[in-house]
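Student: Structure incoming, see below.
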Amino acid sequence: MEHLPVVDWPFAASTGRALVHPGPDAGPSEIAGLVADLRDAASRATGHIAEVTRLDRPAPAEVLVVDRASWVTAVCGSASAMLAGVGAHEPDSAVARVRARALGAQAGGVFALVAARILGQFDPFSDPSRLLLVAPNVLLVERELGAVPSDFRLWVCLHEETHRFQFGHAPWLRGHLLGLFAELLEGDELRFGWPEAGRPTSVRDLIANPAQREAFDQVTAVMSLMEGHADVMMDRVGTAVVPSYPAIRRAFESRRDQKGWGSWVRRLLGFDLKREQYRDGAGFCRQVIDAAGVETLNRAFEAPGLLPTLHEVHDPQLWLHRI
């Protein structure tokens with residue numbers, strides 16, 4: 001009997017594309033210039049990141065400059081591949097199809113929301129790997145920040161190119177993350193419950209199963225390392241390559257910290273968790289570099305057992321003592 005995946009990913013993609021706004025207005029010549037600049041920036045970023053990270057090679061990847069709808073399609077395809085062997089699959093039935101479509105609609109709605117925010121993404125789970133640069137969001141944010149376009153576009157690419165080097169130096173990292181995702185969804189769909197302490201402050205607070213919460217913490221530790229490492233390496237490139245880097249950094253950090261009526265919703269959906277990953281991971285990387293140098297920090301990408309735990313991310317001396 002044929003079995004269905006838990007989520008109807010094609011329906012998620014079509015839902016997300018229907019919901020997402022196309023982005024800021026721009027003429028054909030401006031769009032063409034933006035696409036060309038982003039491709040050039042991605043190419044130039046590779047050498048700069050190689051120099052500051054001292055990691056040996058980037059992962060092979062296609063560089064794709066995309067719109068928001070295309071990003072939704074791409075991320076749904078990657079999610080389908082990532083989760084193909086994870087979670088429950090049900091025998092084909094009308095009830096299973098309705099449930100899968102409902103979950104697809106939810107996923108599409110979330111991806112539509114993210115598609116309006118994300119600037120770029122290195123996707124190691126596609127085949128081949130892809131570096132996705134979301135052109136309308138880059139254009140929108142550089143306008144909002146009043147940033148120098150050439151500097152801001154290179155700044156975005158420096159972050160994503162760092163992720164390419166992480167996965168290139170640690171080819172086991174892709175499989176390790178897939179294994180953690182499998183643990184997170186072990187045996188059943190991820191189970192959520194309202195915390196007894198009151199209002200949840202993040203997605204983690206809604207995870208009811210202790211084993212799944214532990215897997216969530218492990219994923220958070222890895223993502224904190226990766227995001228913080230990318231932020232620190234961008235800082236190491238600095239003004240010698242991106243002259244207006246300090247102004248971009250200040251403006252972007254202010255944008256990350258904006259509060260308002262939607263702040264709790266952003267936190268519940270995990271956007272604030274992402275911000276904490278940048279902050280905590282960057283603090284870990286800076287303290288390790290100050291104490292023992294970049295080469296010691298790079299040991300975290302040598303084997304799964306050398307990755308910092310979430311506790312070690314918050315106390316880098318524990319990690320340095322352990323290794």
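We name chains A, B, ... following the order of the structure tokens; residues begin at 1 in each chain, and ligands are numbered from 1 as shown.
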Please return as a ChimeraX atom specification: the residues of range 40-214 of chain A that backbone DSSP assigns to strand (DSSP E or B).

Tutor: /A:62-66,90-91,120-123,130-134,192,207

Student: Excluding Ser244 in chain A and its own-chain neighbours fewer than 3 positions away, which residues fall within 8 Å of it when counting only C-alpha atoms? Please give them as a ChimeraX atom specification.

Tutor: /A:147-148,151,239,247-248

Student: Would you list the contacts of Val222 in chain A as a list in words, taking every protein, DNA or RNA residue within 9 Å and counting only C-alpha atoms, but skipping same-chain residues closer than 5 positions in sequence?

Tutor: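 The residues that qualify are Leu177, Asp217, Glu227, Gly281, Leu307, Pro308, Thr309 and Leu310 of chain A.
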
Student: Just C-alpha atoms for this one: save the residues we selected as a CSV table (one decimal), in the first residue's frame.

Tutor:
chain,number,residue,atom,x,y,z
A,177,LEU,CA,22.1,17.7,11.3
A,217,ASP,CA,18.9,22.0,22.4
A,227,GLU,CA,25.5,31.6,12.8
A,281,GLY,CA,27.3,31.9,19.0
A,307,LEU,CA,31.0,20.5,18.6
A,308,PRO,CA,30.1,22.6,21.6
A,309,THR,CA,27.0,21.7,23.6
A,310,LEU,CA,24.5,24.4,24.4

Student: Could you find all residues in range 19-242 of chain A that DSSP calls helix (DSSP H, G or I) from the backbone, and write them as an NGL selection string?

Tutor: :A and (19 or 28-53 or 68-82 or 94-115 or 135-145 or 149-169 or 173-184 or 203-206 or 210-240)

Student: So that I have them on file, write out the residues from the current selection with C-alpha atoms, as a compact mmCIF listing (two decimals), in the first residue's frame.

Tutor:
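What landed in out_38.txt:
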# COMPACT_ATOMS: atom_id res chain seq x y z
CA LEU A 19 0.62 34.27 0.17
CA PRO A 28 14.17 46.02 -15.27
CA SER A 29 17.56 47.73 -15.34
CA GLU A 30 17.72 47.98 -11.54
CA ILE A 31 16.79 44.31 -11.20
CA ALA A 32 19.39 43.27 -13.77
CA GLY A 33 22.07 45.30 -11.97
CA LEU A 34 21.09 43.82 -8.61
CA VAL A 35 21.29 40.25 -9.91
CA ALA A 36 24.70 40.88 -11.53
CA ASP A 37 26.02 42.58 -8.38
CA LEU A 38 24.90 39.72 -6.13
CA ARG A 39 26.54 37.12 -8.34
CA ASP A 40 29.76 39.12 -8.39
CA ALA A 41 29.63 39.68 -4.62
CA ALA A 42 29.20 35.95 -4.00
CA SER A 43 32.25 35.23 -6.13
CA ARG A 44 34.40 37.86 -4.39
CA ALA A 45 33.27 36.79 -0.92
CA THR A 46 34.80 33.33 -1.32
CA GLY A 47 38.41 34.52 -1.19
CA HIS A 48 37.82 36.87 1.72
CA ILE A 49 36.17 34.16 3.82
CA ALA A 50 38.90 31.66 3.01
CA GLU A 51 41.47 34.12 4.34
CA VAL A 52 39.77 34.94 7.64
CA THR A 53 38.34 31.51 8.53
CA ARG A 68 10.56 35.39 -2.78
CA ALA A 69 8.28 32.88 -4.49
CA SER A 70 11.25 30.96 -5.86
CA TRP A 71 12.78 30.84 -2.38
CA VAL A 72 9.54 29.30 -1.05
CA THR A 73 9.67 26.65 -3.78
CA ALA A 74 13.31 25.90 -3.04
CA VAL A 75 12.90 25.63 0.73
CA CYS A 76 9.86 23.35 0.39
CA GLY A 77 11.88 21.08 -1.88
CA SER A 78 14.72 20.96 0.62
CA ALA A 79 12.36 20.35 3.53
CA SER A 80 10.81 17.46 1.63
CA ALA A 81 14.24 15.92 1.01
CA MET A 82 15.41 16.52 4.59
CA ALA A 94 -8.75 10.59 2.29
CA VAL A 95 -8.10 11.45 5.95
CA ALA A 96 -4.32 11.23 5.52
CA ARG A 97 -4.44 13.45 2.43
CA VAL A 98 -6.52 16.08 4.24
CA ARG A 99 -4.15 16.04 7.21
CA ALA A 100 -1.07 16.30 4.99
CA ARG A 101 -2.63 19.18 3.08
CA ALA A 102 -3.53 21.00 6.29
CA LEU A 103 0.04 20.70 7.52
CA GLY A 104 1.22 21.84 4.09
CA ALA A 105 -0.94 24.94 4.36
CA GLN A 106 0.56 25.73 7.76
CA ALA A 107 4.10 25.22 6.50
CA GLY A 108 3.40 27.36 3.44
CA GLY A 109 2.12 30.18 5.64
CA VAL A 110 5.24 30.12 7.79
CA PHE A 111 7.54 30.01 4.76
CA ALA A 112 5.68 32.95 3.19
CA LEU A 113 6.39 34.94 6.34
CA VAL A 114 10.07 33.99 6.35
CA ALA A 115 10.36 34.66 2.61
CA ALA A 135 17.09 39.76 -4.41
CA PRO A 136 13.93 41.70 -3.42
CA ASN A 137 14.76 41.42 0.28
CA VAL A 138 18.34 42.60 -0.26
CA LEU A 139 16.99 45.58 -2.20
CA LEU A 140 14.33 46.35 0.42
CA VAL A 141 16.67 46.20 3.41
CA GLU A 142 19.47 48.18 1.82
CA ARG A 143 16.91 50.89 1.04
CA GLU A 144 15.55 50.82 4.60
CA LEU A 145 19.04 51.03 6.09
CA PRO A 149 24.40 48.95 -2.18
CA SER A 150 27.72 47.41 -3.23
CA ASP A 151 28.86 47.14 0.38
CA PHE A 152 25.58 45.70 1.64
CA ARG A 153 25.40 43.09 -1.11
CA LEU A 154 28.93 41.89 -0.35
CA TRP A 155 28.10 41.92 3.38
CA VAL A 156 25.17 39.55 2.78
CA CYS A 157 27.31 37.21 0.68
CA LEU A 158 30.11 37.09 3.24
CA HIS A 159 27.74 35.56 5.78
CA GLU A 160 26.40 32.90 3.43
CA GLU A 161 29.82 32.07 2.02
CA THR A 162 30.99 31.35 5.57
CA HIS A 163 28.34 28.63 5.77
CA ARG A 164 29.69 27.16 2.53
CA PHE A 165 33.11 26.86 4.14
CA GLN A 166 31.66 25.31 7.28
CA PHE A 167 30.01 22.50 5.30
CA GLY A 168 32.98 22.17 2.95
CA HIS A 169 35.44 21.73 5.81
CA LEU A 173 27.91 18.19 9.19
CA ARG A 174 25.02 17.69 6.77
CA GLY A 175 24.44 14.10 7.94
CA HIS A 176 24.89 15.11 11.57
CA LEU A 177 22.15 17.73 11.31
CA LEU A 178 19.84 15.30 9.53
CA GLY A 179 20.41 12.86 12.38
CA LEU A 180 19.50 15.51 14.94
CA PHE A 181 16.34 16.35 13.01
CA ALA A 182 15.45 12.64 13.05
CA GLU A 183 15.94 12.55 16.83
CA LEU A 184 13.78 15.64 17.16
CA VAL A 203 9.22 27.37 20.34
CA ARG A 204 11.28 25.31 22.83
CA ASP A 205 8.80 26.01 25.62
CA LEU A 206 6.06 24.33 23.59
CA PRO A 210 11.96 15.75 27.14
CA ALA A 211 13.93 13.72 24.57
CA GLN A 212 12.72 15.97 21.78
CA ARG A 213 13.61 19.02 23.85
CA GLU A 214 17.15 17.64 24.28
CA ALA A 215 17.44 17.17 20.51
CA PHE A 216 16.16 20.73 20.05
CA ASP A 217 18.93 21.97 22.36
CA GLN A 218 21.55 20.09 20.34
CA VAL A 219 20.27 21.60 17.10
CA THR A 220 20.29 25.03 18.76
CA ALA A 221 23.91 24.58 19.85
CA VAL A 222 25.06 23.65 16.33
CA MET A 223 23.10 26.47 14.72
CA SER A 224 24.42 28.94 17.31
CA LEU A 225 27.99 27.94 16.46
CA MET A 226 27.36 28.24 12.73
CA GLU A 227 25.52 31.57 12.83
CA GLY A 228 27.86 33.11 15.38
CA HIS A 229 30.91 31.91 13.45
CA ALA A 230 29.56 33.56 10.30
CA ASP A 231 28.98 36.85 12.12
CA VAL A 232 32.47 36.86 13.62
CA MET A 233 34.14 36.04 10.32
CA MET A 234 32.27 38.91 8.65
CA ASP A 235 33.66 41.20 11.37
CA ARG A 236 37.16 39.89 10.66
CA VAL A 237 36.81 40.83 6.99
CA GLY A 238 35.77 44.30 8.13
CA THR A 239 36.29 47.73 6.61
CA ALA A 240 39.30 46.80 4.50

Student: Between A:Arg17, A:Ala84, A:Ser129, A:Tyr245, which is the closest to Val63 in chain A once you count only C-alpha atoms?

Tutor: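 For Val63 in chain A, the nearest of the given residues is A:Ser129.
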